[in-house]
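Down below is the structure, laid out as structure tokens.
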Amino acid sequence: MLYKSLIRPYLFGKDPELSHEAVLHLLAANEWLYGTLEDFFKVEDPRLTVKIGPLRFANPVGLAGGFDKNVTAPKMISAFGFGFMEVGAITAQAQPGNPKPRLYRLPEDDALINRLGFNNEGAEALAIKLDRLRARGGRPKIPLGMNIGRTKIVATKDAVADFLSCFEKLFPHGDFFTLNVSSPNTPNLRDLQEKSLLRELLSAVQQKNLQLAARAHIDAKAVFVKIAPDMEFGQVDEIIEVVDEVKLTGIVATNATAFHRDGLKSANGPEPGGLSGRPITALVTKFISHIYRNTRGRLPIIGVGGIFDGYDAYEKIKAGADAVQIYTGWIFEGPGAVKRINKGLLRLLERDGLKHISEAVGRDVRD
């Protein structure tokens with residue numbers, strides 16, 4: 001494959017963050033190729049359509065938050081066959097993130113470690129950018145999510161106000177929102193996964209969601225919470241209880257892991273930060289299964305972590321995920337990854353005698 005034999009070795013020979021930014025700006029500068037790329041990479045099949053709350057996805061494969069932090073090339077990214085995507089994480093205030101270097105490839109493990117620290121231009125600047133994208137037709141045609149997090153300098157006690165400020169500025173631009181309380185790279189952010197703090201945050205966001213929707217005479221936006229894989233299932237159950245209580249749309253499971261490093265072969269394995277990719281594939285699937293089993297399938301789940309091919313995506317879906325997101329897998333597998341995943345899902349549905357992807361959701365847990 002051209003990507004793995006020529007393009008990836010070239011990109012992987014460069015600084016990870018610099019090459020990532022270069023690719024984003026290259027995409028943004030060549031938006032005239034959008035139609036050609038979309039025609040080539042898109043897989044259209046009614047068996048792959050997904051409904052989660054008010055959202056409709058043409059296929060279950062989305063792009064996770066963190067890839068396009070500053071809304072640089074969302075339309076061009078969407079052309080590679082995604083059913084939905086997130087931009088961000090975005091914080092209320094602009095911030096530079098953690099000191100560099102802060103992004104590491106682990107090629108022998110099909111993994112990344114990042115400690116970027118929510119580097120972004122801030123909600124106000126990105127809302128202006130999103131306005132301009134809308135005006136010139138630069139928004140993607142697929143559902144666009146806003147991944148939002150806490151500003152680093154904001155104390156935990158002020159986190160709710162910080163999230164609300166970010167949410168309100170971005171409300172007109174997001175088809176859905178993901179509340180990121182699980183990044184390992186913002187100090188004390190994961191404290192917000194504690195039951196009482198999470199209840200306060202999610203309740204406030206949902207109340208603001210309803211207020212803004214009523215004011216705009218539209219339906220409330222879909223809102224998810226993104227959780228970490230570094231907790232006991234008892235805490236996951238508490239999070240589920242809060243999500244049910246405040247009627248959030250669903251859970252994104254999971255973020256990168258801050259702790260699991262067993263068996264890594266690459267030299268960068270000991271680097272601190274969030275580990276994503278193949279090493280957390282099984283771990284994330286267990287989290288999805290637990291959530292699905294606990295909720296008996298009533299709570300939508302978006303599965304994220306270690307998805308490289310159609311089989312990986314299918315395993316997440318059979319464990320209980322309604323849809324999946326990729327990031328590290330896209331970097332390692334290249335631009336054709338989403339197309340191959342969707343085609344792989346269709347083959348697996350046919351193998352199992354299923355007529356629609358929804359029939360596979362939770363199949364392993366139910367059986």
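Just remember, in the structure tokens the first chain shown is A, the second B, etc., residues are 1-based per chain, and ligands are 1-based in the order shown.
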Would you mind listing, for every residue of region 206-246 of chain A within 12 Å of region 55-59 of chain A, the two atoms forming the shortest contact and the distance between them in Å to one decimal, using only C-alpha atoms, sorted by chain and ascending residue number, as CSV?
residue,atom,partner,partner_atom,distance
A:Asp219,CA,A:Leu55,CA,11.3
A:Ala220,CA,A:Leu55,CA,11.3
A:Lys221,CA,A:Leu55,CA,9.0
A:Ala222,CA,A:Leu55,CA,7.4
A:Val223,CA,A:Leu55,CA,10.6
A:Phe224,CA,A:Leu55,CA,11.9
Report as number ranges by chain all protein, DNA and RNA residues lying within 9 Å of His260 (chain A), evaluated on only C-alpha atoms, omitting residues in the same chain fewer than 3 positions from it.
A: 230, 257, 275, 279-280
Rounded to one decimal, what separation in Å do you get between CA of Asn185 (chain A) and CA of Pro99 (chain A)?
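Separation of CA of Asn185 (chain A) and CA of Pro99 (chain A): 11.4 Å.
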Minimum-distance residue to Gln235 (chain A), chosen among A:His217, A:Lys195, A:Arg298, A:His20 (using only C-alpha atoms):
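Of A:His217, A:Lys195, A:Arg298, A:His20, the one nearest Gln235 (chain A), counting only C-alpha atoms, is A:Lys195.
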Shortest interatomic distance to Leu345 (chain A) - which of A:Ile291, A:Ile317, A:Val304, A:Ala127, counting only C-alpha atoms
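When distances to Leu345 (chain A) are compared using only C-alpha atoms, the smallest one comes from A:Ile317.
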What is the distance between CA of Pro272 (chain A) and CA of Met146 (chain A), in Å to one decimal?
26.1 Å
Choose the residue, out of A:Asp110, A:Lys169, A:Gly13, A:Gly138, that has the smallest atom-to-atom separation from Lys75 (chain A); count only C-alpha atoms.
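Under the stated criterion, the closest residue is A:Gly138.
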If DSSP is run on the backbone, what residues of region 226-272 of chain A are strand (DSSP E)? A reply as a VMD selection string would be ideal.
chain A and resid 226 to 227 250 to 253
Grab the CA of Val50 (chain A) to CA of Pro143 (chain A) distance for me, in Å with one decimal place.
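Taking CA of Val50 (chain A) as the start and CA of Pro143 (chain A) as the end point, the length is 11.7 Å.
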With distances taken over only C-alpha atoms, which residue among A:Asn114, A:Val71, A:Ser5, A:Leu106 lies nearest Ser266 (chain A)?
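Between A:Asn114, A:Val71, A:Ser5, A:Leu106, the residue approaching Ser266 (chain A) most closely is A:Leu106.
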In region 123-296 of chain A, what's helix (DSSP H, G or I) per DSSP? Answer as a ChimeraX atom specification?
/A:123-135,156-170,189-193,195-216,233-246,278-295
Residues near Thr285 (chain A), cut-off 8 Å, only C-alpha atoms, skip fewer than 5 positions along chain, as a list in words:
Gly303, Glu315, Lys316 and Ala319 of chain A
Pick out the residues sitting within 10 Å of Tyr314 (chain A), and hand them over as a list in words; count only C-alpha atoms, and ignore anything fewer than 2 positions along from it in its own chain.
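Listed by chain and then number, they are Ile307, Asp309, Gly310, Tyr311, Asp312, Lys316, Ile317, Lys318, Ala319, Gly320, Ala321, Ala323, Val324, Ile341, Asn342, Gly344, Leu345, Leu346, Leu348, Leu349, Ile357, Ala360 and Val361 of chain A.
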N, CA and C atoms of the current selection, written as an mmCIF file, in the first residue's frame:
data_model
loop_
_atom_site.group_PDB
_atom_site.id
_atom_site.type_symbol
_atom_site.label_atom_id
_atom_site.label_comp_id
_atom_site.auth_asym_id
_atom_site.auth_seq_id
_atom_site.Cartn_x
_atom_site.Cartn_y
_atom_site.Cartn_z
ATOM 1 N N ILE A 307 -8.835 1.105 17.278
ATOM 2 C CA ILE A 307 -9.588 0.643 16.102
ATOM 3 C C ILE A 307 -8.757 0.903 14.851
ATOM 4 N N ASP A 309 -9.170 -1.534 11.922
ATOM 5 C CA ASP A 309 -9.792 -2.183 10.769
ATOM 6 C C ASP A 309 -11.251 -2.514 11.086
ATOM 7 N N GLY A 310 -11.916 -3.121 10.111
ATOM 8 C CA GLY A 310 -13.328 -3.439 10.281
ATOM 9 C C GLY A 310 -13.583 -4.397 11.423
ATOM 10 N N TYR A 311 -12.680 -5.332 11.625
ATOM 11 C CA TYR A 311 -12.843 -6.282 12.721
ATOM 12 C C TYR A 311 -12.799 -5.570 14.065
ATOM 13 N N ASP A 312 -11.856 -4.654 14.244
ATOM 14 C CA ASP A 312 -11.772 -3.896 15.498
ATOM 15 C C ASP A 312 -13.060 -3.122 15.757
ATOM 16 N N LYS A 316 -16.050 -3.653 18.825
ATOM 17 C CA LYS A 316 -16.572 -2.591 19.687
ATOM 18 C C LYS A 316 -18.099 -2.530 19.592
ATOM 19 N N ILE A 317 -18.607 -2.663 18.387
ATOM 20 C CA ILE A 317 -20.057 -2.600 18.174
ATOM 21 C C ILE A 317 -20.739 -3.804 18.821
ATOM 22 N N LYS A 318 -20.182 -4.987 18.641
ATOM 23 C CA LYS A 318 -20.774 -6.175 19.272
ATOM 24 C C LYS A 318 -20.690 -6.110 20.793
ATOM 25 N N ALA A 319 -19.720 -5.339 21.310
ATOM 26 C CA ALA A 319 -19.619 -5.159 22.759
ATOM 27 C C ALA A 319 -20.650 -4.168 23.284
ATOM 28 N N GLY A 320 -21.264 -3.375 22.374
ATOM 29 C CA GLY A 320 -22.306 -2.458 22.805
ATOM 30 C C GLY A 320 -22.214 -1.051 22.262
ATOM 31 N N ALA A 321 -21.200 -0.754 21.452
ATOM 32 C CA ALA A 321 -21.072 0.593 20.890
ATOM 33 C C ALA A 321 -22.028 0.787 19.720
ATOM 34 N N ALA A 323 -21.683 3.418 17.752
ATOM 35 C CA ALA A 323 -20.782 3.976 16.744
ATOM 36 C C ALA A 323 -19.376 3.957 17.326
ATOM 37 N N VAL A 324 -18.391 4.235 16.478
ATOM 38 C CA VAL A 324 -17.005 4.232 16.935
ATOM 39 C C VAL A 324 -16.301 5.480 16.418
ATOM 40 N N ILE A 341 -12.645 0.185 6.812
ATOM 41 C CA ILE A 341 -13.422 -0.212 7.995
ATOM 42 C C ILE A 341 -14.885 -0.405 7.626
ATOM 43 N N ASN A 342 -15.446 0.542 6.889
ATOM 44 C CA ASN A 342 -16.859 0.427 6.519
ATOM 45 C C ASN A 342 -17.121 -0.762 5.605
ATOM 46 N N GLY A 344 -15.312 -3.434 5.571
ATOM 47 C CA GLY A 344 -15.139 -4.580 6.447
ATOM 48 C C GLY A 344 -16.370 -4.851 7.283
ATOM 49 N N LEU A 345 -17.005 -3.798 7.770
ATOM 50 C CA LEU A 345 -18.236 -3.960 8.550
ATOM 51 C C LEU A 345 -19.333 -4.601 7.704
ATOM 52 N N LEU A 346 -19.444 -4.185 6.462
ATOM 53 C CA LEU A 346 -20.458 -4.777 5.582
ATOM 54 C C LEU A 346 -20.202 -6.272 5.365
ATOM 55 N N LEU A 348 -18.669 -8.291 7.424
ATOM 56 C CA LEU A 348 -18.940 -8.987 8.683
ATOM 57 C C LEU A 348 -20.443 -9.113 8.941
ATOM 58 N N LEU A 349 -21.214 -8.095 8.556
ATOM 59 C CA LEU A 349 -22.673 -8.196 8.668
ATOM 60 C C LEU A 349 -23.191 -9.334 7.793
ATOM 61 N N ILE A 357 -26.470 -2.652 10.780
ATOM 62 C CA ILE A 357 -25.435 -2.564 11.806
ATOM 63 C C ILE A 357 -26.030 -2.516 13.219
ATOM 64 N N ALA A 360 -26.104 -5.659 15.272
ATOM 65 C CA ALA A 360 -24.861 -6.151 15.862
ATOM 66 C C ALA A 360 -24.548 -5.513 17.209
ATOM 67 N N VAL A 361 -25.220 -4.404 17.527
ATOM 68 C CA VAL A 361 -24.897 -3.649 18.742
ATOM 69 C C VAL A 361 -25.195 -4.503 19.980
#
